[in-house]
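Asks: Data file structure-v7.cif (mmCIF, C-alpha atoms and all ligand atoms) is appended below.
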data_data
#
loop_
_atom_site.group_PDB
_atom_site.id
_atom_site.type_symbol
_atom_site.label_atom_id
_atom_site.label_comp_id
_atom_site.auth_asym_id
_atom_site.auth_seq_id
_atom_site.Cartn_x
_atom_site.Cartn_y
_atom_site.Cartn_z
ATOM 1 C CA MET A 1 -1.449 51.590 -47.801
ATOM 2 C CA GLN A 2 -2.763 48.985 -50.182
ATOM 3 C CA ILE A 3 -0.833 48.446 -53.414
ATOM 4 C CA ARG A 4 -2.022 46.441 -56.411
ATOM 5 C CA ARG A 5 0.684 44.608 -58.318
ATOM 6 C CA ILE A 6 0.402 43.209 -61.809
ATOM 7 C CA ASN A 7 1.196 39.511 -61.709
ATOM 8 C CA PRO A 8 0.430 36.504 -63.888
ATOM 9 C CA ASN A 9 -0.896 34.586 -60.884
ATOM 10 C CA PRO A 10 -4.517 34.699 -59.812
ATOM 11 C CA GLN A 11 -5.447 37.270 -57.203
ATOM 12 C CA VAL A 12 -3.651 36.652 -53.936
ATOM 13 C CA ASN A 13 -3.321 38.928 -50.949
ATOM 14 C CA THR A 14 0.038 38.619 -49.216
ATOM 15 C CA GLY A 15 0.762 41.259 -46.597
ATOM 16 C CA GLU A 16 -0.745 44.479 -47.860
ATOM 17 C CA VAL A 17 0.042 43.826 -51.508
ATOM 18 C CA ILE A 18 -2.700 42.511 -53.759
ATOM 19 C CA TYR A 19 -1.399 40.606 -56.779
ATOM 20 C CA GLN A 20 -3.895 40.670 -59.642
ATOM 21 C CA ALA A 21 -4.070 38.566 -62.775
ATOM 22 C CA ASN A 22 -4.409 41.678 -64.897
ATOM 23 C CA LEU A 23 -5.695 45.195 -64.609
ATOM 24 C CA PRO A 24 -7.021 45.810 -68.127
ATOM 25 C CA ASP A 25 -8.733 49.161 -67.674
ATOM 26 C CA ALA A 26 -7.460 50.035 -64.246
ATOM 27 C CA LYS A 27 -5.916 53.390 -63.450
ATOM 28 C CA PRO A 28 -3.284 53.670 -60.708
ATOM 29 C CA ARG A 29 -4.873 55.068 -57.549
ATOM 30 C CA HIS A 30 -1.747 56.835 -56.357
ATOM 31 C CA ILE A 31 1.877 57.484 -57.269
ATOM 32 C CA LEU A 32 3.284 54.294 -55.739
ATOM 33 C CA GLU A 33 0.955 52.137 -57.845
ATOM 34 C CA GLU A 34 1.874 54.159 -60.930
ATOM 35 C CA ILE A 35 5.595 53.727 -60.252
ATOM 36 C CA VAL A 36 5.306 50.033 -59.464
ATOM 37 C CA TRP A 37 3.242 49.273 -62.581
ATOM 38 C CA TYR A 38 5.768 51.138 -64.702
ATOM 39 C CA LYS A 39 8.626 49.175 -63.084
ATOM 40 C CA GLU A 40 7.135 45.895 -64.391
ATOM 41 C CA THR A 41 7.834 46.994 -67.975
ATOM 42 C CA GLU A 42 11.109 48.704 -67.117
ATOM 43 C CA VAL A 43 12.564 45.630 -65.409
ATOM 44 C CA ALA A 44 11.372 43.379 -68.261
ATOM 45 C CA LYS A 45 13.325 45.588 -70.705
ATOM 46 C CA MET A 46 16.399 45.525 -68.437
ATOM 47 C CA ARG A 47 16.275 41.697 -68.412
ATOM 48 C CA ASP A 48 16.020 41.640 -72.216
ATOM 49 C CA ARG A 49 19.121 43.807 -72.524
ATOM 50 C CA LEU A 50 21.087 41.937 -69.850
ATOM 51 C CA PRO A 51 19.887 38.493 -68.714
ATOM 52 C CA LEU A 52 20.154 37.644 -65.016
ATOM 53 C CA LEU A 53 22.905 35.087 -65.553
ATOM 54 C CA GLU A 54 25.171 37.654 -67.235
ATOM 55 C CA LEU A 55 24.271 40.275 -64.654
ATOM 56 C CA ARG A 56 25.318 37.912 -61.863
ATOM 57 C CA GLN A 57 28.641 37.336 -63.621
ATOM 58 C CA GLN A 58 29.153 41.132 -63.626
ATOM 59 C CA VAL A 59 28.318 41.302 -59.917
ATOM 60 C CA ALA A 60 31.108 38.820 -59.218
ATOM 61 C CA THR A 61 33.651 41.246 -60.748
ATOM 62 C CA VAL A 62 32.832 44.406 -58.751
ATOM 63 C CA ALA A 63 34.631 45.458 -55.556
ATOM 64 C CA PRO A 64 33.006 44.138 -52.347
ATOM 65 C CA PRO A 65 30.409 46.397 -50.699
ATOM 66 C CA ASN A 66 31.252 49.010 -48.050
ATOM 67 C CA ASN A 67 29.668 48.634 -44.622
ATOM 68 C CA PHE A 68 26.665 50.970 -44.663
ATOM 69 C CA LEU A 69 25.533 50.147 -41.109
ATOM 70 C CA ALA A 70 29.000 50.698 -39.603
ATOM 71 C CA ALA A 71 29.243 54.075 -41.359
ATOM 72 C CA LEU A 72 25.933 55.129 -39.776
ATOM 73 C CA LYS A 73 27.023 53.908 -36.328
ATOM 74 C CA ASN A 74 30.289 55.894 -36.585
ATOM 75 C CA GLY A 75 28.709 58.971 -38.143
ATOM 76 C CA LYS A 76 30.477 62.356 -37.921
ATOM 77 C CA THR A 77 27.108 63.954 -37.239
ATOM 78 C CA ASP A 78 24.427 63.128 -34.684
ATOM 79 C CA PRO A 79 22.058 61.917 -36.010
ATOM 80 C CA ALA A 80 24.154 60.345 -38.776
ATOM 81 C CA LEU A 81 23.446 61.761 -42.218
ATOM 82 C CA ILE A 82 22.434 59.947 -45.387
ATOM 83 C CA ALA A 83 22.511 62.757 -47.958
ATOM 84 C CA GLU A 84 20.453 62.221 -51.092
ATOM 85 C CA VAL A 85 21.496 62.946 -54.669
ATOM 86 C CA LYS A 86 18.048 63.892 -56.037
ATOM 87 C CA LYS A 87 17.221 65.990 -59.072
ATOM 88 C CA ALA A 88 13.421 65.845 -59.062
ATOM 89 C CA SER A 89 10.479 64.134 -57.400
ATOM 90 C CA PRO A 90 6.781 63.557 -58.054
ATOM 91 C CA SER A 91 5.838 65.824 -55.134
ATOM 92 C CA LYS A 92 8.210 68.746 -55.887
ATOM 93 C CA GLY A 93 8.966 68.539 -59.622
ATOM 94 C CA VAL A 94 12.504 69.625 -60.524
ATOM 95 C CA ILE A 95 14.399 70.521 -57.339
ATOM 96 C CA LYS A 96 17.809 71.253 -58.904
ATOM 97 C CA GLU A 97 17.995 72.531 -62.498
ATOM 98 C CA ASP A 98 21.805 72.526 -62.927
ATOM 99 C CA PHE A 99 22.122 69.034 -61.483
ATOM 100 C CA ASN A 100 25.637 67.569 -61.310
ATOM 101 C CA PRO A 101 25.425 64.317 -59.305
ATOM 102 C CA VAL A 102 29.169 63.926 -58.764
ATOM 103 C CA ALA A 103 29.693 67.552 -57.649
ATOM 104 C CA ILE A 104 26.778 67.229 -55.217
ATOM 105 C CA ALA A 105 28.089 63.896 -53.900
ATOM 106 C CA LYS A 106 31.573 65.387 -53.353
ATOM 107 C CA ALA A 107 30.076 68.326 -51.445
ATOM 108 C CA TYR A 108 28.083 65.914 -49.248
ATOM 109 C CA GLN A 109 31.207 63.870 -48.532
ATOM 110 C CA ALA A 110 33.221 66.998 -47.658
ATOM 111 C CA GLY A 111 30.376 68.210 -45.405
ATOM 112 C CA GLY A 112 30.460 65.065 -43.251
ATOM 113 C CA ALA A 113 27.697 62.817 -44.580
ATOM 114 C CA SER A 114 28.070 59.203 -43.391
ATOM 115 C CA CYS A 115 26.459 57.667 -46.462
ATOM 116 C CA LEU A 116 24.852 58.848 -49.698
ATOM 117 C CA SER A 117 21.559 57.913 -51.321
ATOM 118 C CA VAL A 118 21.398 58.042 -55.120
ATOM 119 C CA LEU A 119 18.040 58.048 -56.884
ATOM 120 C CA THR A 120 18.200 55.748 -59.885
ATOM 121 C CA ASP A 121 14.612 56.009 -61.162
ATOM 122 C CA GLU A 122 14.536 57.863 -64.492
ATOM 123 C CA LYS A 123 10.865 58.437 -65.227
ATOM 124 C CA PHE A 124 9.653 59.876 -61.921
ATOM 125 C CA PHE A 125 12.843 61.294 -60.309
ATOM 126 C CA GLN A 126 15.111 62.035 -63.309
ATOM 127 C CA GLY A 127 17.772 59.833 -61.742
ATOM 128 C CA SER A 128 19.739 56.988 -63.331
ATOM 129 C CA PHE A 129 21.963 53.986 -62.707
ATOM 130 C CA ASP A 130 24.632 55.921 -64.624
ATOM 131 C CA ASN A 131 24.518 58.515 -61.846
ATOM 132 C CA LEU A 132 25.072 55.738 -59.308
ATOM 133 C CA SER A 133 28.088 54.441 -61.275
ATOM 134 C CA LEU A 134 29.547 57.943 -61.695
ATOM 135 C CA VAL A 135 29.186 58.683 -57.982
ATOM 136 C CA ARG A 136 30.678 55.254 -57.139
ATOM 137 C CA GLN A 137 33.798 56.051 -59.201
ATOM 138 C CA GLU A 138 34.451 59.284 -57.274
ATOM 139 C CA ILE A 139 33.153 58.671 -53.739
ATOM 140 C CA ASP A 140 34.333 56.304 -50.982
ATOM 141 C CA LEU A 141 31.260 56.611 -48.747
ATOM 142 C CA PRO A 142 28.725 53.765 -48.676
ATOM 143 C CA LEU A 143 25.983 54.279 -51.279
ATOM 144 C CA LEU A 144 22.283 53.490 -51.060
ATOM 145 C CA CYS A 145 20.513 52.657 -54.316
ATOM 146 C CA LYS A 146 17.193 54.533 -54.022
ATOM 147 C CA GLU A 147 14.931 52.484 -56.289
ATOM 148 C CA PHE A 148 11.507 50.914 -56.294
ATOM 149 C CA ILE A 149 12.600 47.303 -55.979
ATOM 150 C CA ILE A 150 10.014 44.708 -56.949
ATOM 151 C CA TYR A 151 12.295 41.983 -58.341
ATOM 152 C CA PRO A 152 15.614 40.479 -57.152
ATOM 153 C CA TYR A 153 17.025 41.393 -60.595
ATOM 154 C CA GLN A 154 17.090 45.058 -59.513
ATOM 155 C CA ILE A 155 19.098 44.179 -56.385
ATOM 156 C CA TYR A 156 21.800 42.496 -58.491
ATOM 157 C CA PHE A 157 21.721 45.458 -60.890
ATOM 158 C CA ALA A 158 22.291 47.897 -58.012
ATOM 159 C CA ARG A 159 25.239 45.811 -56.766
ATOM 160 C CA ALA A 160 26.736 45.674 -60.264
ATOM 161 C CA LYS A 161 26.633 49.501 -60.343
ATOM 162 C CA GLY A 162 28.452 49.735 -57.001
ATOM 163 C CA ALA A 163 25.642 50.108 -54.453
ATOM 164 C CA ASP A 164 26.342 49.057 -50.859
ATOM 165 C CA ALA A 165 22.728 49.248 -49.673
ATOM 166 C CA VAL A 166 19.314 48.929 -51.264
ATOM 167 C CA LEU A 167 15.962 50.430 -50.303
ATOM 168 C CA LEU A 168 13.023 48.059 -49.815
ATOM 169 C CA ILE A 169 9.626 49.759 -49.448
ATOM 170 C CA ALA A 170 7.263 47.726 -47.259
ATOM 171 C CA ALA A 171 4.180 49.232 -48.950
ATOM 172 C CA ILE A 172 5.050 47.728 -52.334
ATOM 173 C CA LEU A 173 6.301 44.299 -51.247
ATOM 174 C CA SER A 174 4.547 41.276 -49.797
ATOM 175 C CA ASN A 175 5.795 39.854 -46.499
ATOM 176 C CA GLN A 176 7.301 36.938 -48.383
ATOM 177 C CA ASP A 177 9.196 39.209 -50.817
ATOM 178 C CA LEU A 178 10.404 41.490 -48.031
ATOM 179 C CA LYS A 179 11.932 38.525 -46.263
ATOM 180 C CA TYR A 180 13.389 36.942 -49.401
ATOM 181 C CA PHE A 181 14.821 40.218 -50.768
ATOM 182 C CA THR A 182 16.391 41.019 -47.379
ATOM 183 C CA LYS A 183 18.148 37.636 -47.491
ATOM 184 C CA ILE A 184 19.441 38.246 -51.025
ATOM 185 C CA ILE A 185 20.748 41.700 -50.036
ATOM 186 C CA LYS A 186 22.554 40.212 -47.024
ATOM 187 C CA ALA A 187 23.941 37.326 -49.077
ATOM 188 C CA LEU A 188 25.502 39.939 -51.398
ATOM 189 C CA GLY A 189 27.134 41.577 -48.340
ATOM 190 C CA MET A 190 24.908 44.630 -48.670
ATOM 191 C CA THR A 191 22.527 46.386 -46.252
ATOM 192 C CA ALA A 192 18.750 46.542 -46.618
ATOM 193 C CA LEU A 193 17.098 49.804 -45.583
ATOM 194 C CA ILE A 194 13.464 48.799 -45.152
ATOM 195 C CA GLU A 195 11.077 51.735 -45.369
ATOM 196 C CA VAL A 196 7.755 52.023 -43.544
ATOM 197 C CA HIS A 197 5.172 54.746 -43.127
ATOM 198 C CA THR A 198 2.514 53.141 -40.908
ATOM 199 C CA LEU A 199 2.464 51.072 -37.726
ATOM 200 C CA ALA A 200 1.040 48.123 -39.678
ATOM 201 C CA GLU A 201 4.027 48.261 -42.061
ATOM 202 C CA LEU A 202 6.439 48.585 -39.126
ATOM 203 C CA ASP A 203 4.944 45.473 -37.526
ATOM 204 C CA ARG A 204 5.278 43.533 -40.798
ATOM 205 C CA VAL A 205 8.948 44.529 -40.964
ATOM 206 C CA LEU A 206 9.633 43.754 -37.303
ATOM 207 C CA ALA A 207 8.388 40.222 -37.989
ATOM 208 C CA ILE A 208 11.502 39.721 -40.156
ATOM 209 C CA GLU A 209 14.318 38.346 -38.062
ATOM 210 C CA GLU A 210 17.166 39.664 -40.231
ATOM 211 C CA VAL A 211 16.123 43.341 -40.173
ATOM 212 C CA ASP A 212 18.731 45.737 -38.776
ATOM 213 C CA LEU A 213 17.922 49.086 -40.453
ATOM 214 C CA ILE A 214 14.454 50.621 -40.754
ATOM 215 C CA GLY A 215 13.561 53.897 -42.451
ATOM 216 C CA ILE A 216 10.481 55.756 -41.279
ATOM 217 C CA ASN A 217 9.247 57.902 -44.143
ATOM 218 C CA ASN A 218 7.603 61.071 -42.859
ATOM 219 C CA ARG A 219 6.065 61.590 -46.311
ATOM 220 C CA ASN A 220 2.717 59.972 -47.042
ATOM 221 C CA LEU A 221 3.170 58.724 -50.595
ATOM 222 C CA GLU A 222 -0.587 58.670 -51.277
ATOM 223 C CA ASN A 223 -1.108 62.404 -50.771
ATOM 224 C CA PHE A 224 2.461 63.764 -50.262
ATOM 225 C CA THR A 225 1.731 65.322 -46.876
ATOM 226 C CA VAL A 226 4.777 65.338 -44.576
ATOM 227 C CA SER A 227 4.702 65.070 -40.777
ATOM 228 C CA LEU A 228 7.671 64.412 -38.510
ATOM 229 C CA GLN A 229 5.127 63.054 -36.035
ATOM 230 C CA THR A 230 5.234 59.857 -38.116
ATOM 231 C CA THR A 231 8.751 59.139 -36.800
ATOM 232 C CA ASN A 232 7.716 60.115 -33.273
ATOM 233 C CA GLU A 233 4.518 58.063 -33.174
ATOM 234 C CA LEU A 234 5.911 54.883 -34.723
ATOM 235 C CA LEU A 235 8.963 54.925 -32.458
ATOM 236 C CA LYS A 236 6.858 55.628 -29.359
ATOM 237 C CA SER A 237 4.751 52.568 -30.176
ATOM 238 C CA ARG A 238 7.601 50.104 -30.785
ATOM 239 C CA LYS A 239 10.631 51.608 -28.973
ATOM 240 C CA GLU A 240 11.219 48.608 -26.680
ATOM 241 C CA VAL A 241 11.395 45.972 -29.390
ATOM 242 C CA ILE A 242 13.505 48.204 -31.666
ATOM 243 C CA ASN A 243 15.997 48.941 -28.881
ATOM 244 C CA SER A 244 16.150 45.354 -27.661
ATOM 245 C CA ARG A 245 17.090 44.198 -31.184
ATOM 246 C CA ASN A 246 19.600 47.054 -31.763
ATOM 247 C CA ILE A 247 17.756 48.068 -34.932
ATOM 248 C CA LEU A 248 18.939 51.426 -36.318
ATOM 249 C CA ILE A 249 16.258 53.927 -37.310
ATOM 250 C CA VAL A 250 16.494 56.437 -40.150
ATOM 251 C CA SER A 251 13.977 59.279 -40.220
ATOM 252 C CA GLU A 252 13.313 60.104 -43.894
ATOM 253 C CA SER A 253 11.881 63.142 -45.726
ATOM 254 C CA GLY A 254 10.814 66.641 -44.817
ATOM 255 C CA LEU A 255 13.829 67.557 -42.657
ATOM 256 C CA HIS A 256 14.759 71.209 -43.162
ATOM 257 C CA ASN A 257 16.367 72.712 -40.032
ATOM 258 C CA SER A 258 18.071 71.954 -36.715
ATOM 259 C CA GLU A 259 14.709 71.899 -34.880
ATOM 260 C CA ASP A 260 13.566 69.117 -37.217
ATOM 261 C CA LEU A 261 16.781 67.172 -36.559
ATOM 262 C CA ASN A 262 16.449 67.572 -32.789
ATOM 263 C CA PHE A 263 12.824 66.502 -32.922
ATOM 264 C CA VAL A 264 13.490 63.185 -34.695
ATOM 265 C CA LYS A 265 16.641 62.591 -32.627
ATOM 266 C CA GLU A 266 14.630 63.034 -29.399
ATOM 267 C CA ALA A 267 12.061 60.636 -30.857
ATOM 268 C CA GLY A 268 14.823 58.025 -31.168
ATOM 269 C CA ALA A 269 16.084 58.270 -34.757
ATOM 270 C CA ASN A 270 19.766 57.318 -35.170
ATOM 271 C CA ALA A 271 20.083 58.752 -38.664
ATOM 272 C CA VAL A 272 18.317 61.061 -41.095
ATOM 273 C CA LEU A 273 17.865 60.833 -44.850
ATOM 274 C CA ILE A 274 17.792 64.302 -46.391
ATOM 275 C CA GLY A 275 17.331 65.228 -50.031
ATOM 276 C CA GLU A 276 15.565 68.422 -51.025
ATOM 277 C CA SER A 277 16.744 70.786 -48.290
ATOM 278 C CA LEU A 278 20.421 70.017 -49.078
ATOM 279 C CA VAL A 279 20.362 69.413 -52.816
ATOM 280 C CA LYS A 280 18.653 72.710 -53.662
ATOM 281 C CA GLN A 281 21.368 74.797 -51.953
ATOM 282 C CA SER A 282 24.103 76.401 -54.053
ATOM 283 C CA ASP A 283 26.679 75.089 -51.539
ATOM 284 C CA PRO A 284 25.507 71.716 -50.147
ATOM 285 C CA GLU A 285 28.684 71.303 -48.057
ATOM 286 C CA GLN A 286 28.019 74.591 -46.223
ATOM 287 C CA ALA A 287 24.347 73.628 -45.932
ATOM 288 C CA ILE A 288 25.347 70.509 -43.960
ATOM 289 C CA TYR A 289 27.507 72.574 -41.577
ATOM 290 C CA GLU A 290 24.633 74.964 -40.982
ATOM 291 C CA LEU A 291 22.054 72.202 -40.558
ATOM 292 C CA PHE A 292 24.122 70.273 -38.011
ATOM 293 C CA GLY A 293 25.578 73.384 -36.346
ATOM 294 C CA TYR A 294 29.307 72.847 -36.795
HETATM 295 O O1 LIG A 301 9.569 62.651 -52.788
HETATM 296 C C1 LIG A 301 8.579 62.245 -53.436
HETATM 297 O O2 LIG A 301 7.803 63.009 -54.033
HETATM 298 C C2 LIG A 301 8.300 60.776 -53.534
HETATM 299 C C3 LIG A 301 7.204 60.347 -54.261
HETATM 300 C C4 LIG A 301 6.942 58.985 -54.396
HETATM 301 C C5 LIG A 301 7.772 58.050 -53.820
HETATM 302 C C6 LIG A 301 8.890 58.474 -53.089
HETATM 303 C C7 LIG A 301 9.145 59.816 -52.944
HETATM 304 N N1 LIG A 301 10.243 60.276 -52.271
HETATM 305 C C8 LIG A 301 11.321 59.439 -51.885
HETATM 306 C C9 LIG A 301 11.849 59.838 -50.584
HETATM 307 O O3 LIG A 301 11.560 59.142 -49.652
HETATM 308 C C10 LIG A 301 12.707 61.066 -50.460
HETATM 309 O O4 LIG A 301 13.424 61.252 -51.632
HETATM 310 C C11 LIG A 301 13.708 61.057 -49.322
HETATM 311 O O5 LIG A 301 13.189 60.583 -48.142
HETATM 312 C C12 LIG A 301 14.241 62.492 -49.111
HETATM 313 O O6 LIG A 301 13.162 63.351 -48.840
HETATM 314 P P1 LIG A 301 13.339 64.950 -48.842
HETATM 315 O O7 LIG A 301 14.435 65.278 -47.868
HETATM 316 O O8 LIG A 301 12.031 65.485 -48.379
HETATM 317 O O9 LIG A 301 13.708 65.324 -50.228
#
In structure tokens, what does this structure look like?
Replies:
Amino acid sequence: MQIRRINPNPQVNTGEVIYQANLPDAKPRHILEEIVWYKETEVAKMRDRLPLLELRQQVATVAPPNNFLAALKNGKTDPALIAEVKKASPSKGVIKEDFNPVAIAKAYQAGGASCLSVLTDEKFFQGSFDNLSLVRQEIDLPLLCKEFIIYPYQIYFARAKGADAVLLIAAILSNQDLKYFTKIIKALGMTALIEVHTLAELDRVLAIEEVDLIGINNRNLENFTVSLQTTNELLKSRKEVINSRNILIVSESGLHNSEDLNFVKEAGANAVLIGESLVKQSDPEQAIYELFGY
């Protein structure tokens, strides 16, 4: 997928991301461009409210991060579960009307999730960094900040709110940024979950030495179609290198029943990231038992 980013520099193509001087009359071609263009303004406002220097001072005062990777390796379920606290999405609209992030997170923890993912985007997912903080105060499990990261500032912000891991989406970051952001995340003692959807993106990510956790998103974010074959096909193509480097694989999106779990497990996924099919249930704890058959 090709993403255009707004940037003061002249047009440069790094990886699959095109940085353009300006896009005066341009319309976003798909949801990822729309989100990423909006993030430019959002992050600028965040910086105005809290400059990076002060943010970094806050980061120094929070408790050290939990080990996200170790929690996945020692998961109660097989594959290990990252359960997502998600109120709404661009593809599904509102998924859970009476949304209580802490109650949902507690139910996920009781059900045996290894880690949680908390959506922090407000405009497109009705999430928030407040939700991440609230969940952090009540839950011991490692937390993934599910954001659209385009600047290091957002990584520090996630850490300040108690995140243990951060999502990096290969489609919206240049090769250089992917590498640099991964290093920052590691330097903060956190885990980077690097998300891909195509073989080209997977190859860009595998070129990064430090990578130890890759998410394969089964959802095409240009047209919202979902196919679990994405996990199967990408893993079939690069199984040897992934196994030889002990990289953990998370299959993300569109997982609804035990057949789906078995399919991605057989394909080689070590963990699954599940939002909608758990969050919409009246009893998410029971839903985990039923999904994993225990
Ligand atoms: O879900 C969307 O509509 C979406 C749109 C644009 C960017 C990202 C999007 N989803 C993020 C995710 O990857 C999912 O929240 C996550 O994998 C869980 O998926 P699901 O179990 O299908 O809710």
Asks: Expand the PyMOL selection byres (((not hetatm)) within 7 of (chain A and resi 301)) into the individual residues it matches in the shown file, reporting them as a VMD selection string.
Replies: chain A and resid 31 to 32 84 86 89 to 92 217 219 221 224 252 to 255 273 to 277
Asks: Please check which residues have atoms at most 7 Å from (11.8, 60.9, -33.3) in the file's coordinates, counting only C-alpha atoms, and write them as a list in words.
Replies: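 Collected hits near the coordinates: Thr231, Asn232, Leu235, Phe263, Val264, Lys265, Glu266, Ala267, Gly268 and Ala269 of chain A.
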Asks: Have a look at A:Ala70, A:Cys145, A:Ala160, A:Ile194 and name the one nearest to Glu54 in chain A; count only C-alpha atoms.
Replies: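 Counting only C-alpha atoms, the residue closest to Glu54 in chain A is A:Ala160.
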Asks: What do you get, as an MDAnalysis selection string, if you spell out every residue that the PyMOL selection byres (((chain A and resi 37) around 12) and not hetatm) selects here?
Replies: chainID A and resid 3:7 19:20 22:23 26:36 38:44 148:150 172
Asks: Tell me which protein, DNA and RNA residues are within 8 Å of range 55-67 of chain A, counting all atoms listed in the file, leaving out same-chain ones fewer than 4 positions away, and put them as a PyMOL selection string.
Replies: chain A and resi 50-51+71+141-142+156-157+159-160+162-164+189-191
Asks: Take the PyMOL selection byres (((chain A and resi 75) around 12) and not hetatm), apply it to the structure above, and return the hits as a list in words.
Replies: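 Selected by the PyMOL selection byres (((chain A and resi 75) around 12) and not hetatm) in this file: Phe68, Leu69, Ala70, Ala71, Leu72, Lys73, Asn74, Lys76, Thr77, Asp78, Pro79, Ala80, Leu81, Ile82, Gln109, Gly111, Gly112, Ala113, Ser114, Cys115, Leu141, Pro142, Asn270, Ala271 and Val272 of chain A.
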Asks: Rounded to one decimal, what separation in Å do you get between CA of Gly293 in chain A and CA of Ile242 in chain A?
Replies: 28.3 Å
Asks: Around the point (9.5, 47.8, -36.0), in the coordinates given by the file, pick out the residues reaching within 12 Å, counting only C-alpha atoms, and return them as a ChimeraX atom specification.
Replies: /A:170,194-216,231,233-250
Asks: Return as AutoDock Vina command-line options the box centre and box size in Å, one decimal, for an axis-aligned box around all listed atoms of range 77-89 of chain A padded by 5 Å per side.
Replies:
--center_x 18.8 --center_y 63.0 --center_z -46.9 --size_x 26.6 --size_y 16.0 --size_z 34.4
Asks: What's around Asn257 in chain A at 9 Å? Count all atoms listed in the file, leave out sequence neighbours fewer than 2 positions away in its own chain, and write the answer as a VMD selection string.
Replies: chain A and resid 255 259 to 262 277 290 to 292
Asks: Kindly give the distance, in Å, that separates CA of Pro101 in chain A and CA of Ser117 in chain A, rounded to a single decimal.
Replies: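 Interatomic distance, CA of Pro101 in chain A to CA of Ser117 in chain A: 10.9 Å.
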Asks: Using all atoms listed in the file, find the one residue out of A:Asn131, A:Arg49, A:Gln126, A:Glu138 that sits nearest to Ala107 in chain A.
Replies: A:Glu138
Asks: Using only C-alpha atoms for the distances, tell me which of A:Ala192, A:Ala83, A:Val279, A:Leu52 is nearest to Glu97 in chain A.
Replies: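 Checking each candidate against Glu97 in chain A, we get A:Val279 as the closest.
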Asks: What is the distance, in Å and to one decimal place, between CA of Lys161 in chain A and CA of Phe124 in chain A?
Replies: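 CA of Phe124 in chain A lies 20.0 Å from CA of Lys161 in chain A.
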Asks: When distances are computed from all atoms listed in the file, which of A:Ala287, A:Val166, A:Ile185, A:Ala171 shows the smallest separation from Glu222 in chain A?
Replies: A:Ala171
